[in-house]
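Here's final.txt, which has compact mmCIF, C-alpha atoms and all ligand atoms:
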# COMPACT_ATOMS: atom_id res chain seq x y z
CA MET A 18 -5.92 -5.89 -3.18
CA SER A 19 -8.93 -4.23 -1.61
CA LYS A 20 -12.13 -3.97 -3.57
CA SER A 21 -12.95 -0.71 -5.34
CA PHE A 22 -16.38 0.85 -5.06
CA LEU A 23 -18.51 3.21 -7.12
CA ASP A 24 -19.26 6.70 -5.77
CA PRO A 25 -21.88 6.12 -3.05
CA THR A 26 -23.53 9.54 -3.43
CA ILE A 27 -27.17 9.45 -4.51
CA PRO A 28 -27.81 12.48 -6.75
CA LEU A 29 -31.56 12.56 -6.01
CA GLN A 30 -30.85 12.79 -2.28
CA LYS A 31 -28.72 15.85 -2.86
CA GLU A 32 -31.30 17.41 -5.19
CA ILE A 33 -34.20 16.92 -2.77
CA GLY A 34 -32.01 18.09 0.12
CA ASP A 35 -30.97 21.24 -1.77
CA GLN A 36 -34.60 21.94 -2.58
CA ILE A 37 -35.68 21.73 1.09
CA TYR A 38 -32.64 23.78 2.13
CA GLY A 39 -33.53 26.47 -0.42
CA ALA A 40 -37.22 26.54 0.59
CA LEU A 41 -36.12 26.95 4.23
CA ASN A 42 -33.81 29.84 3.30
CA GLY A 43 -30.97 27.70 4.61
CA SER A 44 -28.19 29.97 3.41
CA THR A 45 -29.29 32.70 5.85
CA LEU A 46 -31.11 30.81 8.59
CA GLU A 47 -28.39 28.20 9.06
CA PHE A 48 -26.13 31.07 10.18
CA ILE A 49 -28.73 32.26 12.71
CA ARG A 50 -29.15 28.71 13.97
CA HIS A 51 -25.41 28.47 14.65
CA GLU A 52 -25.46 31.86 16.37
CA CYS A 53 -28.35 30.84 18.63
CA GLU A 54 -27.48 27.25 19.38
CA GLY A 55 -23.71 27.54 19.54
CA GLU A 56 -22.45 24.23 20.86
CA TYR A 57 -25.38 23.73 23.20
CA LEU A 58 -26.87 20.77 21.32
CA ASP A 59 -23.48 19.11 21.00
CA ASP A 60 -22.95 19.51 24.76
CA CYS A 61 -26.37 18.01 25.47
CA ALA A 62 -25.69 15.03 23.20
CA LYS A 63 -22.38 14.35 24.89
CA GLU A 64 -23.82 14.65 28.36
CA GLY A 65 -26.66 12.26 27.53
CA ARG A 66 -24.23 9.58 26.32
CA GLU A 67 -21.93 10.03 29.31
CA ARG A 68 -24.91 9.53 31.58
CA ASN A 69 -26.34 6.43 29.90
CA GLY A 70 -23.52 4.83 28.03
CA MET A 71 -19.94 3.77 27.96
CA MET A 72 -17.40 5.23 25.59
CA ILE A 73 -15.82 2.59 23.38
CA GLU A 74 -12.15 3.03 24.25
CA LYS A 75 -9.15 1.10 23.08
CA ASN A 76 -8.08 -0.22 26.47
CA VAL A 77 -11.60 -1.04 27.69
CA VAL A 78 -13.31 -2.79 24.78
CA PRO A 79 -10.49 -3.30 22.27
CA ASP A 80 -12.40 -5.60 19.89
CA ILE A 81 -15.29 -3.22 19.27
CA TYR A 82 -12.95 -0.25 19.26
CA LYS A 83 -10.99 -1.92 16.47
CA LEU A 84 -14.16 -2.54 14.46
CA CYS A 85 -15.21 1.10 14.79
CA GLN A 86 -11.84 2.30 13.56
CA GLN A 87 -11.81 -0.29 10.77
CA ALA A 88 -15.21 0.88 9.52
CA LYS A 89 -14.17 4.52 9.72
CA HIS A 90 -11.02 3.82 7.77
CA ALA A 91 -12.86 1.75 5.15
CA VAL A 92 -15.27 4.57 4.29
CA GLY A 93 -12.50 7.19 4.45
CA PHE A 94 -14.04 9.42 7.13
CA LYS A 95 -11.54 11.67 8.86
CA GLN A 96 -13.60 13.73 11.33
CA ASN A 97 -13.68 12.88 15.04
CA ILE A 98 -16.26 10.40 16.27
CA ASP A 99 -16.86 9.22 19.83
CA PHE A 100 -18.38 5.75 19.81
CA TYR A 101 -20.58 4.68 22.71
CA LEU A 102 -22.16 1.52 23.94
CA VAL A 103 -25.57 2.18 25.47
CA SER A 104 -27.57 -0.17 27.63
CA ASP A 105 -30.61 -0.49 25.44
CA ALA A 106 -32.01 -3.89 24.55
CA ASP A 107 -33.43 -2.62 21.23
CA ILE A 108 -31.45 -3.81 18.29
CA ASN A 109 -30.41 -0.45 17.00
CA ALA A 110 -27.65 2.07 16.38
CA SER A 111 -27.71 5.79 15.73
CA SER A 112 -25.53 8.73 14.88
CA ILE A 113 -25.62 12.27 16.23
CA ALA A 114 -23.89 14.76 14.00
CA SER A 115 -21.92 17.55 15.60
CA ASP A 116 -21.86 21.07 14.17
CA ASN A 117 -18.22 21.39 15.14
CA PRO A 118 -16.51 17.98 15.18
CA ASP A 119 -13.10 19.51 16.00
CA ASN A 120 -14.37 20.58 19.42
CA HIS A 121 -17.21 18.12 19.81
CA PRO A 122 -16.72 14.79 18.06
CA HIS A 123 -19.73 13.29 16.31
CA ILE A 124 -21.36 10.53 18.30
CA ILE A 125 -22.31 7.04 17.20
CA GLU A 126 -24.04 4.85 19.69
CA LEU A 127 -24.44 1.12 19.50
CA ASN A 128 -27.11 -0.45 21.64
CA ALA A 129 -26.01 -3.38 23.78
CA GLY A 130 -28.80 -5.45 22.19
CA LEU A 131 -27.24 -4.94 18.79
CA VAL A 132 -23.70 -5.75 19.85
CA ASN A 133 -24.81 -8.98 21.54
CA LEU A 134 -26.61 -10.16 18.45
CA MET A 135 -24.29 -9.28 15.60
CA SER A 136 -21.18 -10.87 14.20
CA LYS A 137 -18.11 -8.69 13.64
CA GLN A 138 -18.83 -8.51 9.93
CA GLU A 139 -22.39 -7.41 10.63
CA LEU A 140 -21.24 -4.78 13.11
CA LEU A 141 -18.88 -3.37 10.50
CA TYR A 142 -21.89 -2.90 8.24
CA VAL A 143 -23.92 -1.18 10.98
CA ILE A 144 -21.09 1.16 11.99
CA GLY A 145 -20.35 1.99 8.35
CA HIS A 146 -24.03 2.77 7.79
CA GLU A 147 -24.06 5.20 10.73
CA ILE A 148 -20.84 6.88 9.57
CA GLY A 149 -22.52 7.18 6.15
CA HIS A 150 -25.20 9.39 7.71
CA LEU A 151 -22.43 11.64 9.06
CA ILE A 152 -20.63 11.75 5.72
CA ASN A 153 -23.81 12.74 3.91
CA GLY A 154 -24.74 15.37 6.52
CA ASP A 155 -28.18 13.81 6.84
CA ALA A 156 -29.00 15.50 10.15
CA GLN A 157 -28.46 19.07 9.01
CA LEU A 158 -31.86 19.67 7.42
CA LYS A 159 -33.66 18.21 10.43
CA LYS A 160 -31.76 20.55 12.76
CA LEU A 161 -32.64 23.55 10.61
CA THR A 162 -36.32 22.57 10.36
CA LYS A 163 -36.50 22.03 14.08
CA PHE A 164 -34.89 25.40 14.67
CA ILE A 165 -37.33 27.25 12.39
CA TYR A 166 -40.51 25.54 13.55
CA ALA A 167 -39.34 25.29 17.15
CA ASP A 168 -42.41 24.42 19.21
CA LYS A 169 -44.71 23.49 16.40
CA ASP A 170 -46.06 20.00 15.97
CA GLU A 171 -45.03 17.98 12.98
CA GLU A 172 -48.39 18.58 11.27
CA ASP A 173 -47.84 22.35 11.44
CA ILE A 174 -44.74 22.14 9.27
CA PRO A 175 -45.77 23.03 5.69
CA ASP A 176 -46.71 20.00 3.61
CA PHE A 177 -44.22 21.01 0.97
CA VAL A 178 -41.36 20.37 3.42
CA GLY A 179 -42.99 17.51 5.33
CA ASN A 180 -43.74 15.48 2.18
CA ARG A 181 -40.23 15.90 0.90
CA PHE A 182 -38.76 14.74 4.19
CA GLU A 183 -40.49 11.38 3.69
CA LEU A 184 -38.56 10.81 0.50
CA TYR A 185 -35.40 12.46 1.81
CA ASP A 186 -35.30 10.18 4.86
CA LEU A 187 -35.63 7.13 2.65
CA LEU A 188 -32.84 8.34 0.36
CA CYS A 189 -30.66 8.99 3.44
CA GLU A 190 -31.06 5.33 4.38
CA LEU A 191 -30.22 4.18 0.85
CA GLY A 192 -27.11 6.37 0.88
CA ALA A 193 -25.98 5.19 4.31
CA ASP A 194 -26.49 1.54 3.27
CA ARG A 195 -23.85 1.96 0.61
CA TYR A 196 -21.31 3.01 3.24
CA GLY A 197 -22.29 0.04 5.38
CA TYR A 198 -21.62 -2.21 2.40
CA ILE A 199 -18.22 -0.58 1.82
CA ALA A 200 -17.33 -0.87 5.53
CA CYS A 201 -17.90 -4.62 5.55
CA GLY A 202 -15.64 -5.01 2.52
CA GLY A 203 -18.39 -5.30 -0.09
CA ASP A 204 -20.07 -8.28 1.54
CA LEU A 205 -23.51 -7.99 -0.06
CA LYS A 206 -25.04 -10.99 1.63
CA THR A 207 -24.11 -9.79 5.12
CA SER A 208 -25.37 -6.30 4.26
CA ILE A 209 -28.75 -7.60 3.17
CA LEU A 210 -29.09 -9.88 6.17
CA VAL A 211 -28.40 -6.94 8.49
CA ILE A 212 -31.04 -4.79 6.75
CA HIS A 213 -33.49 -7.67 7.28
CA LYS A 214 -32.48 -8.00 10.89
CA LEU A 215 -32.69 -4.30 11.72
CA ALA A 216 -35.57 -3.14 9.57
CA ALA A 217 -37.83 -6.14 9.32
CA GLY A 218 -36.90 -7.85 12.58
CA ILE A 219 -36.24 -11.11 10.78
CA ASP A 220 -33.02 -12.96 11.46
CA LEU A 221 -32.20 -15.05 8.41
CA THR A 222 -28.55 -15.45 9.35
CA LYS A 223 -28.85 -19.01 10.60
CA LEU A 224 -30.86 -20.23 7.64
CA ASN A 225 -28.77 -21.31 4.76
CA ILE A 226 -30.21 -18.88 2.21
CA SER A 227 -28.30 -18.08 -0.95
CA LEU A 228 -27.74 -14.49 -2.07
CA ASP A 229 -29.63 -15.19 -5.30
CA ALA A 230 -32.66 -16.45 -3.42
CA LEU A 231 -32.59 -13.39 -1.15
CA ILE A 232 -32.52 -11.01 -4.10
CA LYS A 233 -35.27 -12.86 -5.99
CA GLU A 234 -37.52 -12.96 -2.95
CA ASN A 235 -36.93 -9.28 -2.34
CA GLN A 236 -37.80 -8.34 -5.90
CA LYS A 237 -41.13 -10.15 -5.57
CA HIS A 238 -41.79 -8.31 -2.33
CA LEU A 239 -40.85 -4.99 -3.86
CA ASP A 240 -43.06 -5.45 -6.93
CA TYR A 241 -45.99 -6.20 -4.68
CA PHE A 242 -45.63 -2.97 -2.72
CA MET A 243 -44.63 -0.78 -5.62
CA ASN A 244 -47.64 -1.84 -7.64
CA SER A 245 -50.16 -1.69 -4.85
CA ASP A 246 -49.98 2.06 -4.32
CA LYS A 247 -48.35 5.17 -5.74
CA SER A 248 -46.74 6.49 -2.63
CA VAL A 249 -43.68 5.11 -0.95
CA GLY A 250 -42.65 5.85 2.59
CA SER A 251 -44.10 5.58 6.03
CA THR A 252 -46.96 3.24 5.11
CA HIS A 253 -44.74 0.79 3.28
CA PRO A 254 -41.92 -1.34 4.56
CA VAL A 255 -38.81 0.42 3.40
CA HIS A 256 -36.41 -2.50 3.59
CA PRO A 257 -37.25 -4.06 0.20
CA ILE A 258 -36.33 -0.74 -1.44
CA ARG A 259 -33.14 -0.58 0.60
CA ILE A 260 -32.16 -4.10 -0.43
CA GLN A 261 -32.90 -3.52 -4.10
CA SER A 262 -31.03 -0.23 -4.11
CA LEU A 263 -27.99 -1.78 -2.44
CA TYR A 264 -28.09 -4.70 -4.85
CA LEU A 265 -28.03 -2.25 -7.77
CA TYR A 266 -25.12 -0.37 -6.22
CA ALA A 267 -23.15 -3.55 -5.56
CA THR A 268 -23.65 -5.07 -8.99
CA ALA A 269 -23.49 -2.03 -11.30
CA LYS A 270 -20.57 -2.13 -13.71
CA SER A 271 -20.25 1.65 -13.98
CA GLN A 272 -21.49 4.84 -12.38
CA SER A 273 -23.74 5.64 -15.34
CA GLN A 274 -25.24 2.15 -15.29
CA LEU A 275 -25.93 2.61 -11.57
CA GLU A 276 -27.66 5.98 -12.04
CA LYS A 277 -29.75 4.51 -14.84
CA SER A 278 -30.93 1.52 -12.83
CA MET A 279 -31.61 3.72 -9.79
CA GLU A 280 -33.84 5.91 -11.94
CA GLU A 281 -36.20 2.99 -12.26
CA ILE A 282 -36.67 2.91 -8.48
CA GLU A 283 -36.80 6.69 -8.22
CA ASP A 284 -39.43 7.00 -10.96
CA ARG A 285 -41.70 4.78 -8.95
CA PHE A 286 -41.54 7.16 -6.00
CA ASN A 287 -43.31 9.70 -8.10
CA LYS A 288 -45.45 7.72 -10.51
CA LEU A 289 -48.48 9.90 -11.29
CA ASP A 290 -51.62 8.47 -12.80
CA GLU A 291 -52.97 10.18 -15.89
CA GLU A 292 -55.47 12.28 -13.98
CA ASP A 293 -52.91 13.67 -11.51
CA ALA A 294 -50.46 14.35 -14.32
CA THR A 295 -53.16 16.24 -16.26
CA LEU A 296 -54.17 18.16 -13.14
CA ASN A 297 -50.58 19.29 -12.68
CA TYR A 298 -50.49 20.65 -16.25
CA PHE A 299 -53.78 22.41 -15.56
CA TYR A 300 -52.45 23.95 -12.32
CA VAL A 301 -49.49 25.41 -14.17
CA ALA A 302 -51.44 26.72 -17.17
CA ALA A 303 -54.47 28.00 -15.22
CA GLY A 304 -52.32 29.41 -12.42
CA TYR A 305 -50.06 31.19 -14.86
CA LEU A 306 -52.95 32.73 -16.83
CA MET A 307 -54.92 33.73 -13.73
CA ALA A 308 -51.90 35.16 -11.89
CA ASN A 309 -50.84 37.29 -14.85
CA ILE A 310 -54.27 38.54 -15.88
CA ASP A 311 -54.21 41.76 -13.80
CA GLY A 312 -50.53 42.60 -14.08
CA GLU A 313 -47.52 40.59 -13.09
CA ALA A 314 -48.03 37.49 -10.92
CA SER A 315 -47.49 38.29 -7.25
CA VAL A 316 -45.07 36.41 -5.00
CA THR A 317 -47.96 34.88 -3.06
CA GLN A 318 -49.63 33.67 -6.26
CA LYS A 319 -46.41 32.05 -7.44
CA HIS A 320 -45.92 30.48 -4.02
CA SER A 321 -49.43 29.07 -4.19
CA ILE A 322 -48.89 27.57 -7.66
CA VAL A 323 -45.59 25.96 -6.62
CA CYS A 324 -47.15 24.45 -3.48
CA ARG A 325 -50.10 23.01 -5.40
CA VAL A 326 -47.98 21.51 -8.19
CA GLY A 327 -45.48 20.35 -5.55
CA GLU A 328 -48.06 18.16 -3.84
CA LYS A 329 -47.61 15.55 -6.56
CA CYS A 330 -44.36 16.50 -8.23
CA TRP A 331 -40.95 16.47 -6.51
CA PHE A 332 -39.47 19.34 -8.50
CA PRO A 333 -42.37 21.72 -9.14
CA ILE A 334 -40.31 24.81 -9.95
CA GLU A 335 -38.44 23.00 -12.71
CA PHE A 336 -41.70 21.52 -14.00
CA ILE A 337 -43.46 24.91 -14.03
CA LYS A 338 -40.56 26.55 -15.86
CA TYR A 339 -40.47 23.71 -18.36
CA VAL A 340 -44.19 24.00 -19.10
CA ILE A 341 -44.13 27.80 -19.41
CA GLU A 342 -41.14 27.74 -21.73
CA ASN A 343 -42.19 24.82 -23.90
CA LYS A 344 -45.97 24.69 -24.14
CA ASN A 345 -48.64 26.86 -25.60
CA ILE A 346 -50.24 27.84 -22.28
CA GLU A 347 -53.62 28.93 -23.71
CA GLU A 348 -54.00 25.67 -25.61
CA LEU A 349 -52.82 23.61 -22.66
CA TYR A 350 -55.32 25.35 -20.40
CA HIS A 351 -58.32 24.53 -22.61
CA ASP A 352 -57.10 21.02 -23.46
CA THR A 353 -56.60 20.06 -19.82
CA ILE A 354 -60.03 21.41 -18.82
CA LYS A 355 -61.64 19.23 -21.48
CA LEU A 356 -59.65 16.14 -20.47
CA LEU A 357 -60.25 16.59 -16.75
CA VAL A 358 -64.02 16.99 -17.16
CA GLU A 359 -64.07 13.82 -19.27
CA MET A 360 -62.14 11.94 -16.59
CA ASP A 361 -64.33 13.02 -13.72
CA LYS A 362 -67.14 15.60 -13.48
CA ASP A 363 -66.01 16.47 -9.94
CA ASN A 364 -62.84 17.95 -11.41
CA LYS A 365 -64.92 21.02 -12.36
CA VAL A 366 -65.11 21.99 -8.69
CA VAL A 367 -61.43 21.15 -8.10
CA MET A 368 -60.42 23.45 -10.96
CA LEU A 369 -62.77 26.28 -9.99
CA ASP A 370 -61.59 26.10 -6.39
CA TYR A 371 -57.99 26.36 -7.54
CA LEU A 372 -58.67 29.29 -9.89
CA LEU A 373 -60.41 31.19 -7.10
CA SER A 374 -57.62 30.49 -4.63
CA ILE A 375 -55.08 31.99 -7.07
CA ALA A 376 -57.35 34.99 -7.71
CA PHE A 377 -57.89 35.63 -3.98
CA ILE A 378 -54.45 34.84 -2.58
CA ASP A 379 -52.94 38.28 -3.22
CA GLY A 380 -55.98 40.07 -1.75
CA ASP A 381 -56.75 41.77 -5.04
CA PHE A 382 -59.78 40.20 -6.72
CA SER A 383 -60.09 42.16 -9.96
CA GLN A 384 -62.80 42.40 -12.63
CA GLU A 385 -60.49 40.64 -15.11
CA GLU A 386 -60.10 37.74 -12.71
CA LEU A 387 -63.84 37.54 -12.17
CA ASN A 388 -64.37 37.48 -15.95
CA PHE A 389 -61.79 34.69 -16.24
CA ILE A 390 -63.72 32.67 -13.64
CA TYR A 391 -66.98 33.16 -15.56
CA ASP A 392 -65.32 32.13 -18.82
CA PHE A 393 -64.08 28.99 -17.11
CA GLY A 394 -67.56 28.30 -15.70
CA HIS A 395 -69.18 28.63 -19.11
CA GLU A 396 -66.53 26.39 -20.64
CA VAL A 397 -67.43 23.55 -18.26
CA GLY A 398 -71.17 24.12 -18.77
CA TYR A 399 -72.10 26.10 -15.66
CA SER A 400 -74.81 28.78 -15.79
CA ASP A 401 -74.18 32.27 -14.33
CA ASP A 402 -76.09 31.61 -11.12
CA ILE A 403 -74.25 28.33 -10.50
CA ILE A 404 -70.94 30.15 -10.95
CA ALA A 405 -71.97 32.86 -8.47
CA GLY A 406 -73.10 30.16 -6.00
CA CYS A 407 -69.76 28.34 -6.34
CA ILE A 408 -67.84 31.54 -5.66
CA LYS A 409 -69.94 32.23 -2.56
CA ARG A 410 -69.36 28.69 -1.29
CA LEU A 411 -65.59 28.96 -1.68
CA LEU A 412 -65.28 32.49 -0.25
CA PRO A 413 -64.87 31.62 3.45
CA ARG A 414 -61.90 29.38 2.76
CA SER A 415 -59.94 31.30 0.14
CA PHE A 416 -60.82 34.99 0.51
CA ARG A 417 -58.12 37.50 1.52
CA LEU A 418 -58.55 41.17 2.45
CA ASN A 419 -57.36 43.68 -0.12
CA LEU A 420 -54.76 45.69 1.77
CA THR A 421 -51.76 46.92 -0.14
CA PHE A 422 -49.78 50.08 -0.87
ZN ZN B 501 -29.85 4.81 9.01
How does the structure come out when it is put into structure tokens?
Amino acid sequence: MSKSFLDPTIPLQKEIGDQIYGALNGSTLEFIRHECEGEYLDDCAKEGRERNGMMIEKNVVPDIYKLCQQAKHAVGFKQNIDFYLVSDADINASSIASDNPDNHPHIIELNAGLVNLMSKQELLYVIGHEIGHLINGDAQLKKLTKFIYADKDEEDIPDFVGNRFELYDLLCELGADRYGYIACGGDLKTSILVIHKLAAGIDLTKLNISLDALIKENQKHLDYFMNSDKSVGSTHPVHPIRIQSLYLYATAKSQSQLEKSMEEIEDRFNKLDEEDATLNYFYVAAGYLMANIDGEASVTQKHSIVCRVGEKCWFPIEFIKYVIENKNIEELYHDTIKLLVEMDKDNKVVMLDYLLSIAFIDGDFSQEELNFIYDFGHEVGYSDDIIAGCIKRLLPRSFRLNLTF
């Protein structure tokens, strides 16, 4: 009897993906993208592979063809895929998702370097991993972002989206790893060895290492990196997280146990120290009070609050709503000011800068807003002339013209 597997979907991946999709107005712009691009990108992808690679066909390379089909069957993927061998010495594989797999099959390419180096079992893992990316639709958000920001450099894409892509990409890998594991029949040791081989460039296959030793060693490695810094992503090796996540998936007794143990990893992605956590409460309370002081908060003011809170919090809109609905905002505002000044005197400037940016962002800097700024200044011990000087200093950066109708 074949092994049964838990649902490989990672809820957080879907939640972060939905959030980016919503921020990008995906439900309308995805339609425009299809209208503009048609099947052009799919044609280009196909042409590139035909030029540089060799299609894996049954009568030409039957062994690899069989593995590809076996992996596809194991993960239950029905859409068309063309598999290619490409003459690249790098040990790598990749998938190119098609917008219309009925007309243009998805593409998975296996580099010759990879095929030469891997056993059949290992190749099953790699192919399954790549099919996993197709199953999860991992490429869709990248296509949409690229369409919207066409010629812009990566640093011109708003931080809100860029930062989330760091986490999203990592979660895509964790999700795809689960399909790799399923494709090789639930062979955890092989799966982990392949992740080592591909991500860390270390081939442990020939050493007689036990699965237990691999997991223990990885946990040590993971603790080191998780504790050394708050952020996870480009600056850290990702493979210890991948291994731990796959281990949890492979050994969980139930779906709920899996989600619970994954939370522990996910919490660490977003571990805020006390000061950042307090700042986020301040941004919500101060932003809310300032934005509503001269009538209803404008769209630009709300946008600004969400972006600021979203720098350190993955789901800022939910957090803001939670705080507004459950906390006494006035009290929270004064409490957080007091705490932040105690933590660091420089926070006074951070807070004032933020308050001014919210006051200026809609172009309408009212007397009520100015009074609110002065009240804040007095609360943190500034004299009137210092407050005026601070406002002058921050004007060039935050000021907006007052033009409305
Ligand atoms: Zn991948």
> Which chains and residue numbers are within 9 Å of ligand ZN 501 (chain B), counting all atoms listed in the file, if I want them as an MDAnalysis selection string?
Replying inline: chainID A and resid 110:112 143 146:147 149:150 186:187 189:194
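Proximity ranking of A:Gln236, A:Thr26, A:Asn133, A:Thr295 relative to A:Lys355 places A:Thr295 first, based on all atoms listed in the file.
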> Which is closest to A:Asp392 among A:Met307, A:Ile346, A:Gln318, A:Ser104, if we use only C-alpha atoms?
Replying inline: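 Looking only at the distances to A:Asp392, the closest residue turns out to be A:Met307.
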With 6 Å on each side, where is the centre of the axis-aligned box around all listed atoms of stretch 195-207 of chain A, and how long are its edges in Å to one decimal, as JSON?
{"center_x": -20.3, "center_y": -4.0, "center_z": 2.7, "size_x": 21.4, "size_y": 26.0, "size_z": 17.6}
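In terms of minimum interatomic distance to A:Gly34, A:Asp155 ranks closest within A:Glu64, A:Asp155, A:Glu47, A:Glu74, counting only C-alpha atoms.
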Set the distance at 10 Å and use all atoms listed in the file: which residues neighbour stretch 275-277 of chain A once local chain neighbours fewer than 4 positions away are removed? I'd like the list as a PDB file with C-alpha atoms, keeping the file's coordinate frame.
ATOM      1  CA  LEU A  23     -18.510   3.210  -7.120  1.00  0.00           C
ATOM      2  CA  ASP A  24     -19.260   6.700  -5.770  1.00  0.00           C
ATOM      3  CA  ILE A  27     -27.170   9.450  -4.510  1.00  0.00           C
ATOM      4  CA  PRO A  28     -27.810  12.480  -6.750  1.00  0.00           C
ATOM      5  CA  LEU A  29     -31.560  12.560  -6.010  1.00  0.00           C
ATOM      6  CA  SER A 262     -31.030  -0.230  -4.110  1.00  0.00           C
ATOM      7  CA  LEU A 265     -28.030  -2.250  -7.770  1.00  0.00           C
ATOM      8  CA  TYR A 266     -25.120  -0.370  -6.220  1.00  0.00           C
ATOM      9  CA  ALA A 267     -23.150  -3.550  -5.560  1.00  0.00           C
ATOM     10  CA  THR A 268     -23.650  -5.070  -8.990  1.00  0.00           C
ATOM     11  CA  ALA A 269     -23.490  -2.030 -11.300  1.00  0.00           C
ATOM     12  CA  LYS A 270     -20.570  -2.130 -13.710  1.00  0.00           C
ATOM     13  CA  SER A 271     -20.250   1.650 -13.980  1.00  0.00           C
ATOM     14  CA  GLU A 281     -36.200   2.990 -12.260  1.00  0.00           C
ATOM     15  CA  ILE A 282     -36.670   2.910  -8.480  1.00  0.00           C
ATOM     16  CA  GLU A 283     -36.800   6.690  -8.220  1.00  0.00           C
TER      17      GLU A 283
END
> In terms of the shortest atom-to-atom distance over all atoms listed in the file, which of A:Phe299, A:Tyr166, A:Tyr198, A:Phe177 is closest to A:Lys20?
Replying inline: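 Between A:Phe299, A:Tyr166, A:Tyr198, A:Phe177, the residue approaching A:Lys20 most closely is A:Tyr198.
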>> Using only C-alpha atoms, can you tell me which of A:Gln261, A:Gly312, A:Glu396, A:Asp99 comes closest to A:Ser383?
In response: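 Of A:Gln261, A:Gly312, A:Glu396, A:Asp99, the one nearest A:Ser383, counting only C-alpha atoms, is A:Gly312.
Relative to atom CA of A:His351, atom CA of A:Phe389 is found at 12.5 Å.
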